[in-house]
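One structure below.
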Amino acid sequence: MRILKSGITTIQDQGRFGHRNRGLPVSGFMDPLAARLGNLLTGNESNAACLEISRGAFSASFGRTCLLALTGKGFDAYVSGKPIPFYQPFLIKEGEFLQLFPKETGFTYLSVHGGIRSTPVYGSRSTHLASKIGGMNGRPLRSGDHLPITLIPDENGQRIIDYLLKETHHHQVRLSLSVVPDYSSKEVRFISGPEYHWFSGEALGFLQSSGFLPSALSNRMGSRLIGPELQRINPSELLSQAVLPGTMQVSPDGQLLILLADAQTTGGYPRIGQIIQADLHLAAQQSLDTPIHFKQVSLDEAEKLLLAQEKQLLQLTRDYYLYFS
Amino acid sequence: MWQKQNKLSVLANDDHFHIYPIAESAITIEYGKEIAIEANQVLLRLQQRFHTSPFSGFIDTSITYNSLSVFFDPRQLFSEGQPSPLAFVLNRIKQNLKDFSQIAQEPFKGTHHLVPVCYEGPLAPDLDAVAGFHKTDPDSIVHAHCAQDWYVFMIGFNPGFSYMGILPDTLAMPRKSSPALQVPAGSVGIAGKQTGIYPNSSPAGWQIIGRTPLLVFNTKESEPCLFKAGDTVRFTRIDLETFQYLNQHANP
């Protein structure tokens with residue numbers, strides 16, 4: 001697979017675990033749900049490395065027939081000028097070009113059967129740009145990069161490929177809308193954070209009643225949101241504590257910050273909340289022009305929602321492979 | 001000796017641990033509210049227990065001055081039939097704490113490092129300000145910074161960034177009101193009662209009093225961090241010429 005054109009595209013997998021005490025962030029997919037669906041559609045394990053495409057036009061050529069899928073949001077895709085829908089597996093043939101053009105803010109995942117076989121660094125293929133590790137020498141992809149991909153499909157992959165090779169089937173396999181993430185939903189659910197009660201009743205009210213607009217100050221590390229000032233009633237200085245993707249911090253000027261995939265390992269700002277794991281993909285795929293509405297749920301509910309999401313994904317995986325067998 | 005051990009075992013009583021979830025995948029064990037070496041050592045010993053006999057679904061821990069957070073994979077625990085991964089891990093933590101408080105406490109053994117620092121000219125942009133703050137001369141500040149071992153409490157914020165202390169009042173100084181836009185890798189800073197080294201060039205709110213020629217975070221090594229929590233560091237003063245001779249940042 002050869003990169004012909006790339007804006008900001010990095011190689012990511014589920015993340016780099018076990019290195020928090022070295023200060024190494026987890027990194028990995030910004031939208032773990034979309035990437036997981038892409039890996040499912042291409043017959044991969046959930047942790048297979050994908051391309052995360054986030055800014056600018058992208059194009060790549062393929063030296064041989066490959067099983068691909070596009071998930072997430074933000075781009076329009078074409079193969080040899082023909083539009084390619086998201087959330088469905090497709091084949092690209094030798095010599096064909098895949099092109100993506102930005103449409104709106106968002107992260108799009110390109111999954112390839114077998115995953116991107118770059119060399120793992122500290123147990124992960126995820127790119128962490130700030131420390132220049134993982135992926136393609138720790139940097140975004142650029143024109144001329146050649147990405148290693150598997151030559152031999154496994155049994156699951158071969159079945160999907162054989163099915164799609166029958167011309168009549170080509171555009172028939174598609175995830176049902178009920179399992180495709182609904183990014184138009186602007187409600188993001190959270191649980192209270194350890195310093196929740198450091199904030200005034202008014203601030204806690206604002207947190208759920210006001211919308212918070214994503215600012216241009218957003219990257220893989222996190223996002224600064226524009227909203228009412230969240231005032232504190234407890235002025236204590238916090239000793240640095242553990243933070244993780246989804247942590248909602250409040251800066252000294254009362255602004256809400258949400259941490260995402262490249263979140264630092266510890267932070268000293270009070271943690272007003274924590275976005276639930278089942279909604280992390282919504283927080284990561286926010287559009288710049290639409291406010292996010294936060295809704296508080298209990299920890300118990302957060303676990304139940306995660307379990308429900310997990311059950312649905314496992315069922316989907318079973319159904320998907322059954323379809324081709 | 002007996003007194004000290006006795007004190008530690010009292011400290012390690014699980015009543016003193018404040019345990020709370022911070023996400024569906026992480027539980028924090030807080031111990032004390034202050035920066036204290038003894039408390040950090042209790043947490044380090046506790047941390048070892050999680051890593052040497054990990055429970056099902058365990059991923060990682062993260063240590064800070066006064067807390068240890070335990071990270072796990074709720075999806076794995078769901079697949080093993082646990083309806084509430086949090087309840088399962090909370091139980092394991094409580095059991096671990098119960099066993100922990102019943103065993104004799106050995107002091108945590110870290111590694112001692114001798115770290116050369118050049119406190120001269122452009123490598124020490126804030127040294128005069130620190131001296132001015134304490135109404136003394138730069139030489140006394142350097143002397144005090146090199147006069148004792150500092151304890152590494154935690155690595156965090158950025159890959160390889162070390163938080164060391166505890167600085168005496170004669171050396172402590174608040175962080176800058178407006179951060180420096182960029183300080184070079186190896187910059188040694190002071191913030192409050194903490195001292196630390198910037199592993200990579202970055203914006204910095206700490207008062208920069210010198211620079212080390214050593215790489216404290218090197219991804220070419222299998223262990224990228226020079227320091228880990230529980231280590232001790234003694235700074236030793238070098239001149240500019242020696243700095244340039246030793247500088248590992250020149251050819252990264």
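Naming works like this for the structure tokens: A, B, ... for the chains as they're shown, residue 1 at the start of each chain, ligands 1 onward in shown order.
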
task = Using only C-alpha atoms, select each residue of chain A with any atom at most 7 Å away from an atom of chain B, and give the selection as a PyMOL selection string.
result = chain A and resi 17-18+20-24+193-194+240-242+264-267+274+303+307

Can you write out the residues you just picked, keeping C-alpha atoms, as a CSV table (one decimal), in the first residue's frame?
chain,number,residue,atom,x,y,z
A,17,PHE,CA,-0.9,0.0,27.7
A,18,GLY,CA,1.3,-0.6,30.7
A,20,ARG,CA,1.7,5.0,32.6
A,21,ASN,CA,4.5,5.1,35.2
A,22,ARG,CA,6.8,6.3,32.4
A,23,GLY,CA,4.4,9.1,31.6
A,24,LEU,CA,3.6,7.5,28.2
A,193,GLY,CA,-15.3,13.3,38.7
A,194,PRO,CA,-13.4,13.1,42.0
A,240,SER,CA,-1.4,15.9,40.3
A,241,GLN,CA,-3.6,12.9,39.9
A,242,ALA,CA,-4.2,10.3,37.3
A,264,GLN,CA,-1.3,13.0,29.5
A,265,THR,CA,-1.0,10.4,32.4
A,266,THR,CA,-1.4,12.9,35.3
A,267,GLY,CA,-2.9,16.3,35.6
A,274,GLN,CA,-15.5,11.6,33.3
A,303,GLU,CA,-21.2,0.2,33.3
A,307,LEU,CA,-21.9,-3.8,28.8

ask   = Counting only C-alpha atoms, what is within 9 Å of B:Phe133, bar same-chain residues fewer than 4 positions away, as a ChimeraX atom specification?
value = /B:128-129,173

task = Report the residues of stretch 28-248 of chain B whose backbone DSSP state falls under strand (DSSP E), written as JSON, numbers by chain.
result = {"B": [28, 29, 30, 31, 58, 59, 60, 61, 62, 63, 67, 68, 69, 70, 71, 72, 112, 113, 114, 115, 116, 117, 118, 150, 151, 152, 153, 154, 155, 162, 163, 164, 165, 180, 181, 182, 183, 187, 188, 189, 190, 191, 194, 195, 196, 197, 202, 203, 204, 207, 208, 209, 210, 211, 232, 233, 234, 235, 236, 237, 238]}

message = Just want the 10 Å neighbourhood of A:Val173, counted on only C-alpha atoms, with same-chain residues fewer than 6 positions away dropped. Output as a list in words.
response =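 Here the answer would be Leu41, Tyr87, Gln88, Pro89, Phe90, Ile160, Tyr163, Leu164, Tyr320 and Tyr323 of chain A.
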
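All residues of protein, DNA or RNA that reach within 10 Å of A:Ile116, judged by only C-alpha atoms and not counting those fewer than 4 positions away in the chain, are A:Met1, A:Ile11, A:Gln12, A:Asp13, A:Ala48, A:Ala49, A:Cys50, A:Leu51, A:Leu110, A:Ser111, A:Val112, A:Arg125, A:Gly135, A:Leu147, A:Pro148, A:Ile149, A:Thr150.
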
Produce a file of the selected residues containing C-alpha atoms, as a PDB file, in the first residue's frame.
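Output (result_6.pdb):
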ATOM      1  CA  MET A   1       0.000   0.000   0.000  1.00  0.00           C
ATOM      2  CA  ILE A  11      -1.256   4.632  12.192  1.00  0.00           C
ATOM      3  CA  GLN A  12      -3.245   3.702  15.332  1.00  0.00           C
ATOM      4  CA  ASP A  13      -4.357   0.593  17.172  1.00  0.00           C
ATOM      5  CA  ALA A  48      -5.423  -4.432  14.309  1.00  0.00           C
ATOM      6  CA  ALA A  49      -3.708  -1.196  13.286  1.00  0.00           C
ATOM      7  CA  CYS A  50      -5.679   1.126  10.986  1.00  0.00           C
ATOM      8  CA  LEU A  51      -5.092   4.472   9.371  1.00  0.00           C
ATOM      9  CA  LEU A 110      -9.279   2.954   6.899  1.00  0.00           C
ATOM     10  CA  SER A 111      -9.085  -0.695   7.897  1.00  0.00           C
ATOM     11  CA  VAL A 112      -7.186  -3.209   5.799  1.00  0.00           C
ATOM     12  CA  ARG A 125       1.628   0.358  16.683  1.00  0.00           C
ATOM     13  CA  GLY A 135       3.440   4.042  13.536  1.00  0.00           C
ATOM     14  CA  LEU A 147       2.904   0.508   4.392  1.00  0.00           C
ATOM     15  CA  PRO A 148       3.415  -3.177   5.075  1.00  0.00           C
ATOM     16  CA  ILE A 149       0.202  -5.199   4.852  1.00  0.00           C
ATOM     17  CA  THR A 150      -0.402  -8.925   4.960  1.00  0.00           C
TER      18      THR A 150
END

task = Would you please give, as a VMD selection string, all residues of stretch 15-251 of chain B that DSSP assigns to alpha helix (DSSP H) based on the backbone?
result = chain B and resid 37 to 52 74 to 79 85 to 101 127 to 133 138 to 146 240 to 246

task = Could you check which of A:Thr119, A:Thr108, A:Thr65, A:Gln172 is closest to A:Lys93, using only C-alpha atoms?
result = A:Thr65

task = May I have the residues within 6 Å of stretch 248-258 of chain A as a ChimeraX atom specification, using only C-alpha atoms and disregarding those fewer than 3 positions away in the same chain?
result = /A:222-225,229-231,269-274

inquiry  = Need to verify the contact set: B:Ala144, 10 Å, only C-alpha atoms, exclusion of same-chain residues closer than 4 positions in sequence. Can you return it as a ChimeraX atom specification?
reply    = /B:138-140,148,167-168,170-171,235

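Residue neighbourhood of B:Val115, excluding near-sequence residues (fewer than 6 positions): Val233, Arg234, Phe235 and Thr236 of chain B, at 7 Å, using only C-alpha atoms.
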